[in-house]
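File shown: start28.txt (compact mmCIF, C-alpha atoms).
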```txt
# COMPACT_ATOMS: atom_id res chain seq x y z
CA MET A 310 0.00 0.00 0.00
CA THR A 311 1.25 3.45 -0.85
CA VAL A 312 1.89 5.49 2.24
CA PRO A 313 2.59 9.23 1.95
CA THR A 314 5.98 10.43 3.02
CA GLY A 315 4.61 13.12 5.38
CA PRO A 316 1.76 13.47 7.83
CA THR A 317 -1.51 12.38 6.25
CA PRO A 318 -4.68 14.35 6.93
CA LEU A 319 -7.92 12.45 7.41
CA ARG A 320 -6.05 9.36 8.55
CA ARG A 321 -8.48 6.83 9.94
CA ARG A 322 -8.40 6.68 13.71
CA GLY A 323 -7.17 3.31 14.87
CA GLY A 324 -7.77 1.41 18.05
CA LEU A 325 -9.44 -1.78 19.14
CA ARG A 326 -13.21 -1.72 18.93
CA ALA A 327 -15.10 -2.02 22.21
CA ASP A 328 -16.81 -5.30 21.29
CA HIS A 329 -13.51 -6.82 20.11
CA LEU A 330 -11.81 -5.76 23.35
CA GLN A 331 -14.56 -7.32 25.45
CA LEU A 332 -14.32 -10.58 23.51
CA LEU A 333 -10.52 -10.63 23.76
CA LEU A 334 -10.46 -10.06 27.53
CA ALA A 335 -13.27 -12.57 28.05
CA LEU A 336 -11.20 -15.18 26.21
CA VAL A 337 -8.17 -14.28 28.35
CA GLY A 338 -10.28 -14.72 31.48
CA LEU A 339 -11.57 -18.05 30.19
CA GLY A 340 -8.08 -19.33 29.45
CA ALA A 341 -6.71 -18.21 32.82
CA GLY A 342 -9.66 -19.78 34.61
CA LEU A 343 -9.03 -23.10 32.89
CA ALA A 344 -5.25 -23.14 33.29
CA LEU A 345 -4.49 -21.56 36.65
CA PRO A 346 -6.30 -24.05 38.93
CA ARG A 347 -4.34 -26.91 37.30
CA VAL A 348 -1.02 -25.53 38.56
CA THR A 349 0.25 -28.02 41.15
CA PRO A 350 3.67 -26.77 42.42
CA GLY A 351 3.78 -24.31 45.30
CA PRO A 352 1.54 -23.61 48.32
CA GLN A 353 -2.00 -24.99 48.34
CA VAL A 354 -5.20 -23.74 49.96
CA ALA A 355 -8.59 -25.33 50.63
CA GLY A 356 -10.50 -25.78 47.38
CA PRO A 357 -14.09 -25.39 48.70
CA GLN A 358 -13.38 -22.01 50.30
CA VAL A 359 -11.68 -20.73 47.14
CA ASN A 360 -14.59 -22.04 45.09
CA ASP A 361 -17.11 -20.13 47.22
CA MET A 362 -15.00 -17.00 47.02
CA LEU A 363 -14.75 -17.17 43.23
CA LEU A 364 -18.49 -17.70 42.74
CA GLY A 365 -19.28 -14.79 45.04
CA LEU A 366 -16.70 -12.60 43.30
CA GLY A 367 -18.03 -13.41 39.85
CA VAL A 368 -21.65 -12.70 40.73
CA GLY A 369 -20.77 -9.59 42.74
CA VAL A 370 -18.53 -8.02 40.10
CA LEU A 371 -21.03 -8.64 37.33
CA SER A 372 -23.97 -7.28 39.34
CA VAL A 373 -22.22 -4.21 40.71
CA THR A 374 -20.65 -3.35 37.37
CA THR A 375 -24.02 -3.59 35.61
CA VAL A 376 -25.66 -1.29 38.14
CA ILE A 377 -22.79 1.23 38.06
CA PHE A 378 -22.73 1.41 34.27
CA SER A 379 -26.52 1.69 34.02
CA VAL A 380 -26.64 4.57 36.49
CA LEU A 381 -23.63 6.32 34.98
CA PHE A 382 -24.96 6.19 31.44
CA LEU A 383 -28.36 7.45 32.57
CA VAL A 384 -26.97 10.32 34.64
CA VAL A 385 -24.15 11.31 32.30
CA GLN A 386 -26.29 11.16 29.17
CA TRP A 387 -28.93 13.31 30.87
CA ALA A 388 -26.23 15.78 31.90
CA HIS A 389 -24.83 15.83 28.38
CA THR A 390 -28.19 16.87 26.97
CA THR A 391 -28.11 19.94 29.21
CA PHE A 392 -25.10 21.03 27.13
CA THR A 393 -25.95 19.59 23.71
CA PRO A 394 -27.49 16.28 22.56
CA ARG A 395 -24.53 15.76 20.21
CA LEU A 396 -21.98 15.43 23.02
CA THR A 397 -20.71 11.84 23.41
CA MET A 398 -17.41 12.32 25.26
CA PHE A 399 -18.25 9.87 28.07
CA ARG A 400 -19.67 7.15 25.88
CA GLU A 401 -16.64 7.28 23.58
CA SER A 402 -14.10 7.39 26.40
CA ARG A 403 -11.74 4.43 26.30
CA VAL A 404 -11.77 4.02 30.09
CA VAL A 405 -15.50 3.27 29.94
CA TRP A 406 -15.24 0.26 27.67
CA ARG A 407 -11.91 -0.92 29.05
CA THR A 408 -13.39 -1.00 32.55
CA PHE A 409 -16.45 -2.90 31.38
CA ALA A 410 -14.31 -5.35 29.40
CA PHE A 411 -12.04 -5.90 32.42
CA ALA A 412 -15.05 -6.55 34.67
CA VAL A 413 -16.43 -9.09 32.21
CA SER A 414 -13.03 -10.77 32.03
CA LEU A 415 -12.81 -10.99 35.84
CA SER A 416 -16.29 -12.52 36.07
CA VAL A 417 -15.47 -15.07 33.36
CA PHE A 418 -12.23 -15.95 35.13
CA SER A 419 -14.02 -16.40 38.47
CA PHE A 420 -16.78 -18.64 37.13
CA THR A 421 -14.40 -20.67 34.96
CA ALA A 422 -11.88 -21.19 37.75
CA ALA A 423 -14.67 -22.22 40.15
CA LEU A 424 -15.95 -24.82 37.69
CA THR A 425 -12.41 -26.05 37.02
CA ILE A 426 -11.73 -26.51 40.73
CA GLY A 427 -15.01 -28.37 41.18
CA THR A 428 -14.74 -30.71 44.18
CA ASP A 429 -10.94 -30.60 44.47
CA ALA A 430 -9.85 -30.50 48.11
CA ARG A 431 -6.76 -28.37 47.46
CA VAL A 432 -5.88 -25.74 44.87
CA THR A 433 -2.87 -23.53 44.22
CA ILE A 434 -2.74 -20.27 46.13
CA LEU A 435 -2.21 -18.49 42.83
CA VAL A 436 -5.95 -18.66 42.11
CA PRO A 437 -7.16 -16.49 45.04
CA ALA A 438 -4.06 -14.30 44.75
CA VAL A 439 -4.67 -13.54 41.08
CA ALA A 440 -8.37 -12.97 41.77
CA GLY A 441 -7.48 -10.49 44.52
CA VAL A 442 -5.03 -8.58 42.31
CA LEU A 443 -7.56 -8.41 39.49
CA LEU A 444 -10.21 -7.13 41.89
CA LEU A 445 -7.89 -4.35 43.06
CA ALA A 446 -7.14 -3.45 39.44
CA LEU A 447 -10.87 -3.29 38.74
CA LEU A 448 -11.37 -0.94 41.69
CA VAL A 449 -8.69 1.36 40.28
CA LEU A 450 -10.41 1.34 36.89
CA LEU A 451 -13.78 2.07 38.51
CA TRP A 452 -12.21 4.99 40.36
CA ALA A 453 -10.88 6.39 37.06
CA LEU A 454 -14.29 5.79 35.50
CA LEU A 455 -16.07 7.77 38.21
CA LEU A 456 -13.62 10.65 37.82
CA ARG A 457 -14.29 10.61 34.09
CA ALA A 458 -18.03 10.59 34.72
CA PHE A 459 -17.81 13.56 37.10
CA ALA A 460 -15.74 15.47 34.54
CA SER A 461 -18.32 14.70 31.86
CA ILE A 462 -21.12 16.44 33.74
CA GLN A 463 -19.14 19.59 34.63
CA LEU A 464 -19.11 22.56 32.28
CA GLY A 465 -15.40 23.39 32.56
CA PRO A 466 -14.04 19.93 31.68
CA VAL A 467 -16.55 19.58 28.85
CA LEU A 468 -15.52 22.90 27.31
CA HIS A 469 -11.84 22.04 27.77
CA PHE A 470 -12.34 18.65 26.11
CA VAL A 471 -14.24 20.05 23.12
CA THR A 472 -11.75 22.88 22.62
CA GLY A 473 -8.78 20.53 22.83
CA ARG A 474 -10.21 18.14 20.26
CA GLY A 475 -11.12 21.02 17.96
CA ARG A 476 -7.64 22.53 18.21
CA SER A 477 -6.07 19.15 17.41
CA ILE A 478 -8.07 18.52 14.24
CA LEU A 479 -7.55 22.10 13.00
CA HIS A 480 -3.80 21.72 13.40
CA SER A 481 -3.74 18.38 11.60
CA LEU A 482 -5.75 19.61 8.61
CA TYR A 483 -4.61 23.19 8.13
CA ALA A 484 -0.85 22.86 8.61
CA ASP A 485 0.72 21.89 5.29
CA GLY A 486 2.73 18.69 5.22
CA SER A 487 4.86 17.03 2.60
CA ALA A 488 2.12 14.55 1.76
CA TYR A 489 -0.57 17.14 1.12
CA SER A 490 -1.16 20.83 0.48
CA LEU A 491 -4.02 23.28 0.76
CA GLY A 492 -4.87 24.95 -2.52
CA LYS A 493 -5.92 28.55 -2.98
CA PRO A 494 -9.40 29.53 -4.21
CA GLY A 495 -9.51 29.84 -7.98
CA SER A 496 -6.13 28.17 -8.52
CA ASP A 497 -7.23 24.59 -9.09
CA GLU A 498 -4.93 22.44 -11.18
CA ALA A 499 -6.31 20.81 -14.27
CA LEU A 500 -7.77 17.38 -13.60
CA PRO A 501 -7.89 14.39 -15.95
CA PRO A 502 -11.22 13.79 -17.70
CA LEU A 503 -14.14 12.81 -15.49
CA ARG A 504 -14.72 9.07 -15.76
CA ALA A 505 -17.41 8.35 -13.17
CA THR A 506 -19.39 9.72 -10.25
CA VAL A 507 -19.73 7.47 -7.22
CA THR A 508 -23.10 7.66 -5.46
CA TRP A 509 -24.08 6.53 -1.99
CA PRO A 510 -26.06 3.27 -2.29
CA HIS A 511 -27.13 2.91 1.35
CA SER A 512 -29.60 4.66 3.61
CA LEU A 513 -29.08 8.03 5.30
CA ALA A 514 -25.80 8.18 7.25
CA VAL A 515 -23.18 10.61 8.56
CA LEU A 516 -19.70 10.44 7.06
CA GLN A 517 -17.48 10.02 10.12
CA GLN A 518 -14.06 9.19 8.69
CA VAL A 519 -12.17 8.73 5.45
CA ASP A 520 -9.62 5.93 5.36
CA MET A 521 -7.17 8.02 3.37
CA ASP A 522 -4.49 5.35 3.13
CA LYS A 523 -7.01 2.98 1.56
CA LEU A 524 -8.39 5.63 -0.78
CA LEU A 525 -4.87 6.62 -1.89
CA ASP A 526 -4.13 2.99 -2.63
CA VAL A 527 -7.32 2.63 -4.69
CA ALA A 528 -6.61 5.81 -6.68
CA ARG A 529 -2.95 4.91 -7.30
CA HIS A 530 -3.70 1.43 -8.61
CA ALA A 531 -6.30 2.85 -11.02
CA ASN A 532 -4.08 5.82 -11.93
CA ALA A 533 -7.00 8.06 -10.99
CA VAL A 534 -7.75 11.22 -9.04
CA VAL A 535 -10.64 10.93 -6.58
CA VAL A 536 -12.41 14.19 -5.76
CA LEU A 537 -14.54 13.78 -2.65
CA ARG A 538 -17.80 15.69 -2.82
CA THR A 539 -18.51 15.27 0.88
CA VAL A 540 -16.40 15.64 4.02
CA PRO A 541 -16.57 14.09 7.48
CA GLY A 542 -19.43 15.58 9.45
CA LEU A 543 -21.87 15.85 6.53
CA THR A 544 -24.93 13.65 6.08
CA VAL A 545 -25.13 11.57 2.92
CA SER A 546 -28.45 10.33 1.64
CA SER A 547 -29.25 7.45 -0.65
CA GLY A 548 -28.30 8.28 -4.24
CA ALA A 549 -26.22 11.33 -3.32
CA ALA A 550 -22.92 11.87 -5.16
CA VAL A 551 -19.99 11.31 -2.80
CA ALA A 552 -17.00 11.34 -5.16
CA ASP A 553 -15.96 12.13 -8.72
CA VAL A 554 -13.33 9.90 -10.31
CA HIS A 555 -11.01 11.45 -12.90
CA GLY A 556 -8.55 9.71 -15.18
CA GLY A 557 -8.77 6.05 -14.12
CA ASP A 558 -11.73 3.84 -13.39
CA PRO A 559 -11.48 2.23 -9.94
CA ASP A 560 -14.21 0.00 -8.62
CA ALA A 561 -16.94 2.13 -7.01
CA SER A 562 -17.21 -0.30 -4.10
CA ALA A 563 -13.50 0.22 -3.36
CA VAL A 564 -14.02 3.99 -3.15
CA LEU A 565 -17.08 3.53 -0.93
CA GLY A 566 -15.11 1.11 1.24
CA ALA A 567 -12.81 3.95 2.28
CA LEU A 568 -15.74 5.95 3.69
CA ILE A 569 -16.65 5.14 7.29
CA THR A 570 -20.18 6.19 8.22
CA GLY A 571 -22.37 6.08 11.29
CA ALA A 572 -25.44 7.59 12.90
CA GLU A 573 -23.80 10.73 14.34
CA ARG A 574 -20.85 13.08 13.99
CA THR A 575 -17.54 12.39 15.69
CA PHE A 576 -14.41 14.42 16.41
CA ASP A 577 -12.06 12.16 14.49
CA GLN A 578 -11.89 14.05 11.19
CA ASP A 579 -14.63 16.69 11.44
CA PRO A 580 -13.12 20.20 11.77
CA LEU A 581 -16.51 21.87 12.26
CA PHE A 582 -17.76 19.57 15.00
CA ALA A 583 -16.09 21.42 17.88
CA PHE A 584 -17.56 24.71 16.64
CA ARG A 585 -20.97 23.09 16.37
CA LEU A 586 -20.81 21.76 19.93
CA LEU A 587 -19.58 25.04 21.42
CA SER A 588 -22.26 26.95 19.51
CA ASP A 589 -24.88 24.49 20.79
CA ILE A 590 -23.75 25.08 24.36
CA VAL A 591 -23.95 28.85 23.90
CA LEU A 592 -27.37 28.68 22.24
CA ARG A 593 -28.82 26.38 24.89
CA ALA A 594 -27.48 28.64 27.64
CA LEU A 595 -29.17 31.63 25.99
CA SER A 596 -32.52 29.89 25.50
CA PRO A 597 -35.44 31.27 27.57
CA ALA A 598 -35.73 27.95 29.41
CA VAL A 599 -32.14 28.16 30.70
CA ASN A 600 -31.17 31.86 30.54
CA ASP A 601 -27.58 31.32 31.69
CA SER A 602 -25.48 34.09 30.17
CA ALA A 603 -22.38 33.16 32.19
CA THR A 604 -22.30 29.71 30.55
CA ALA A 605 -22.68 31.36 27.14
CA VAL A 606 -19.71 33.60 27.89
CA GLU A 607 -17.56 30.59 28.81
CA GLY A 608 -18.51 28.94 25.54
CA LEU A 609 -17.52 32.10 23.65
CA ASP A 610 -14.15 32.07 25.40
CA CYS A 611 -13.48 28.66 23.84
CA LEU A 612 -14.81 29.72 20.44
CA GLU A 613 -12.45 32.67 20.43
CA GLU A 614 -9.48 30.39 21.00
CA LEU A 615 -10.44 28.16 18.08
CA LEU A 616 -11.22 31.09 15.79
CA ALA A 617 -7.81 32.59 16.53
CA ALA A 618 -6.12 29.54 15.00
CA PRO A 619 -4.14 30.27 11.81
CA MET A 620 -6.11 29.21 8.76
CA PRO A 621 -7.12 30.87 5.49
CA VAL A 622 -10.49 32.61 5.15
CA SER A 623 -11.32 30.43 2.16
CA VAL A 624 -9.38 27.53 0.76
CA GLY A 625 -9.14 25.48 -2.36
CA PRO A 626 -9.19 21.70 -2.22
CA LEU A 627 -6.75 19.85 -0.03
CA ARG A 628 -4.59 17.62 -2.23
CA VAL A 629 -3.33 14.37 -0.78
CA ARG A 630 -0.39 12.98 -2.72
CA ASP A 631 1.05 9.51 -3.13
CA ARG A 632 4.72 8.69 -2.56
CA GLY A 633 5.63 9.96 -6.02
CA GLY A 634 4.12 13.37 -5.29
CA THR A 635 1.12 12.92 -7.60
CA PRO A 636 -2.18 14.28 -6.24
CA ARG A 637 -4.53 11.34 -5.85
CA VAL A 638 -7.31 12.59 -3.56
CA LEU A 639 -8.90 16.05 -3.37
CA VAL A 640 -11.03 17.16 -0.43
CA GLN A 641 -12.74 20.53 -0.11
CA LEU A 642 -12.22 21.69 3.47
CA PRO A 643 -14.15 24.57 5.07
CA GLY A 644 -12.40 27.92 5.34
CA TRP A 645 -12.26 30.29 8.29
CA GLU A 646 -15.41 32.06 7.12
CA ARG A 647 -17.40 28.85 7.65
CA PHE A 648 -16.01 28.43 11.16
CA LEU A 649 -16.93 32.02 12.01
CA HIS A 650 -20.44 31.52 10.66
CA THR A 651 -20.98 28.29 12.60
CA GLY A 652 -19.57 29.57 15.86
CA VAL A 653 -20.74 33.18 16.03
CA ASP A 654 -23.72 34.07 13.83
CA ASP A 655 -26.41 32.11 15.68
CA ALA A 656 -24.93 33.23 18.99
CA ILE A 657 -25.35 36.89 18.00
CA ALA A 658 -28.97 36.32 17.04
CA ALA A 659 -29.68 34.47 20.31
CA ALA A 660 -27.87 37.03 22.51
CA VAL A 661 -30.01 40.05 21.66
CA ASN A 662 -31.60 39.99 25.14
CA SER A 663 -28.37 39.28 27.03
CA PRO A 664 -26.14 42.33 27.52
CA MET A 665 -23.39 40.22 29.12
CA THR A 666 -23.20 37.98 26.06
CA LEU A 667 -23.39 40.85 23.58
CA ARG A 668 -20.47 42.58 25.29
CA ARG A 669 -18.46 39.35 25.24
CA LEU A 670 -19.23 38.92 21.56
CA ARG A 671 -18.03 42.45 20.91
CA THR A 672 -14.80 41.72 22.75
CA LEU A 673 -14.34 38.50 20.79
CA LEU A 674 -14.78 40.24 17.45
CA LEU A 675 -12.53 43.15 18.39
CA ARG A 676 -9.72 40.83 19.50
CA LEU A 677 -9.97 38.69 16.40
CA ARG A 678 -9.86 41.81 14.23
CA ALA A 679 -6.89 43.25 16.10
CA ASP A 680 -4.84 40.05 16.20
CA GLY A 681 -5.90 38.31 12.99
CA PRO A 682 -4.82 38.77 9.36
CA ALA A 683 -6.25 41.56 7.25
CA ASP A 684 -8.36 39.29 5.04
CA ARG A 685 -10.60 38.52 8.02
CA HIS A 686 -11.42 42.15 8.80
CA ASP A 687 -14.43 42.58 6.50
CA LEU A 688 -16.11 39.46 7.86
CA LEU A 689 -15.51 40.58 11.42
CA GLU A 690 -16.56 44.18 10.75
CA HIS A 691 -20.02 43.16 9.53
CA ARG A 692 -20.66 41.13 12.67
CA LEU A 693 -19.18 43.78 14.93
CA GLU A 694 -21.59 46.37 13.49
CA TRP A 695 -24.45 43.95 14.12
CA VAL A 696 -23.45 43.40 17.77
CA GLU A 697 -22.87 47.09 18.46
CA ALA A 698 -26.20 48.02 16.86
CA GLU A 699 -28.02 45.58 19.14
CA LEU A 700 -26.19 46.91 22.19
CA ALA A 701 -26.93 50.54 21.32
CA ARG A 702 -30.60 49.88 20.55
CA ARG A 703 -31.50 47.54 23.40
CA PHE A 704 -29.15 48.66 26.17
CA PRO A 705 -28.28 52.31 25.55
CA VAL A 706 -26.95 52.93 29.05
CA LEU A 707 -24.59 49.96 28.83
CA TRP A 708 -23.59 50.97 25.32
CA ASP A 709 -22.60 54.42 26.50
CA GLU A 710 -20.19 52.75 28.92
CA THR A 711 -19.05 50.09 26.46
CA GLU A 712 -18.12 52.39 23.57
CA ARG A 713 -15.63 54.20 25.77
CA THR A 714 -13.44 51.07 25.91
CA SER A 715 -11.79 49.07 23.16
CA PHE A 716 -12.01 45.71 24.91
CA ASP A 717 -14.63 45.33 27.60
CA GLY A 718 -15.09 42.14 29.54
CA PRO A 719 -18.40 40.40 30.08
```
Serialized structure, structure tokens:
Amino acid sequence: MTVPTGPTPLRRRGGLRADHLQLLLALVGLGAGLALPRVTPGPQVAGPQVNDMLLGLGVGVLSVTTVIFSVLFLVVQWAHTTFTPRLTMFRESRVVWRTFAFAVSLSVFSFTAALTIGTDARVTILVPAVAGVLLLALLVLLWALLLRAFASIQLGPVLHFVTGRGRSILHSLYADGSAYSLGKPGSDEALPPLRATVTWPHSLAVLQQVDMDKLLDVARHANAVVVLRTVPGLTVSSGAAVADVHGGDPDASAVLGALITGAERTFDQDPLFAFRLLSDIVLRALSPAVNDSATAVEGLDCLEELLAAPMPVSVGPLRVRDRGGTPRVLVQLPGWERFLHTGVDDAIAAAVNSPMTLRRLRTLLLRLRADGPADRHDLLEHRLEWVEAELARRFPVLWDETERTSFDGP
């Protein structure tokens, strides 16, 4: 498979799937439960007592773990919806599924070892010792799980998590590398003749990831250029065009096989997702049912950090090249204007009755205009005039104080 010589954008996120991990650890527990009781050298302990302990441990771990996970998912998911229904940071956390898989493995080990011991009068001391060590390890994992759950229902950690993931994906996509380059608007290179358009044959789904290594390999073998007409984060419907193929003629199923879809958006390759989540948090805080301007201001703090990231206002297609330097895949990424629209415009409209939020929005726009490149100024100026007009019309006393300062805090 052709692998680019530099960092590859839109690289598929690896990792062991949760169901595979659970199966793997269950098999490990099964094997240990079958083998360990058959060890004969070394100290021995009474078999019936160990058998009772293992049965109690297996039932107890399974029952307690089930209750803990049920309560955590109910509470954390409810808390997440107070921020935005699209937030899945707890459910996707690795510690969640690793803890559950470890608990399943410990239960399988306990039951299997108990059945293996059966009516034996004596058994190696390794069996209760290993069970005790595994139980302590499970308690440590449960402690980490509870800390993760507490963080998932607190505003500060949630905002920090979303901002961190957004900053990471922006850096990976908008910093040129040797394997790819961002084009400029209106400067597209000539493409080979269009040979085919690949359409989505399945039901409605969200494009979550692009397996770029696989797509590069498909395009190289067919001597083709694949132009993606959708990007991670967008919804694709049945019959919608997802890619144009120029030059060669690769199998459509091979192109579709590089697109990983699901029911909802994820952080993995979606540069707009963090802006969407932060905007959701701001909008929900400003809704009449919540009316929490302070939360909206905290969300705008995070949006300002992401909007300050270096990226062009508008961009041409991102070209991903093979090892020989030939562009093989083109992806149209959003420019800074789209990020500004997603993060700020709805917030301005929702903040018309919140002077605290309007003043924070004014500060955000002024800072971005002062510190950002000149090609952003027109976009920021239009929104700044909007915010200042709302402040002057709705809160004239506050506006008289605000206009005397360049940067006023919330």
Residue with the minimum atom-to-atom distance to A:Met398, picked from A:Gly338, A:Ile657, A:Val385, A:Arg703 with only C-alpha atoms counted, is A:Val385
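Taking atom CA of A:Ile426 and atom CA of A:Gly342 as the two end points, the separation is 9.3 Å.
Separating atom CA of A:Leu516 from atom CA of A:Ile462 is a distance of 27.4 Å.
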Grab the atom CA of A:Leu537 to atom CA of A:Pro626 distance for me, in Å with one decimal place. 9.6 Å
Could you pull the residues within 8 Å of A:Thr421, counting only C-alpha atoms, minus those fewer than 2 positions along the same chain, as a PyMOL selection string? chain A and resi 339+342-343+417-419+423-425
May I ask which of the residues A:Val564, A:Leu616, A:Leu649, A:Leu455 is the closest one to A:Ala533, counting only C-alpha atoms? A:Val564
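Among the candidates A:Leu627, A:Val535, A:Ala572, A:Leu688, the one nearest to A:Leu500 when counting all atoms listed in the file is A:Val535.
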Polymer residues at most 6 Å from stretch 583-593 of chain A, all atoms listed in the file, same-chain spacing of 4 or more positions, as number ranges by chain: A: 392-393, 471, 475, 605, 608, 652
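The nearest approach to A:Asp684 among the residues A:Ser623, A:Leu444, A:Leu700, A:Glu710, with only C-alpha atoms taken into account, belongs to A:Ser623.
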One residue among A:Val404, A:Val449, A:Ile478, A:Leu612 is nearest to A:Asp579 when using only C-alpha atoms, and that residue is A:Ile478
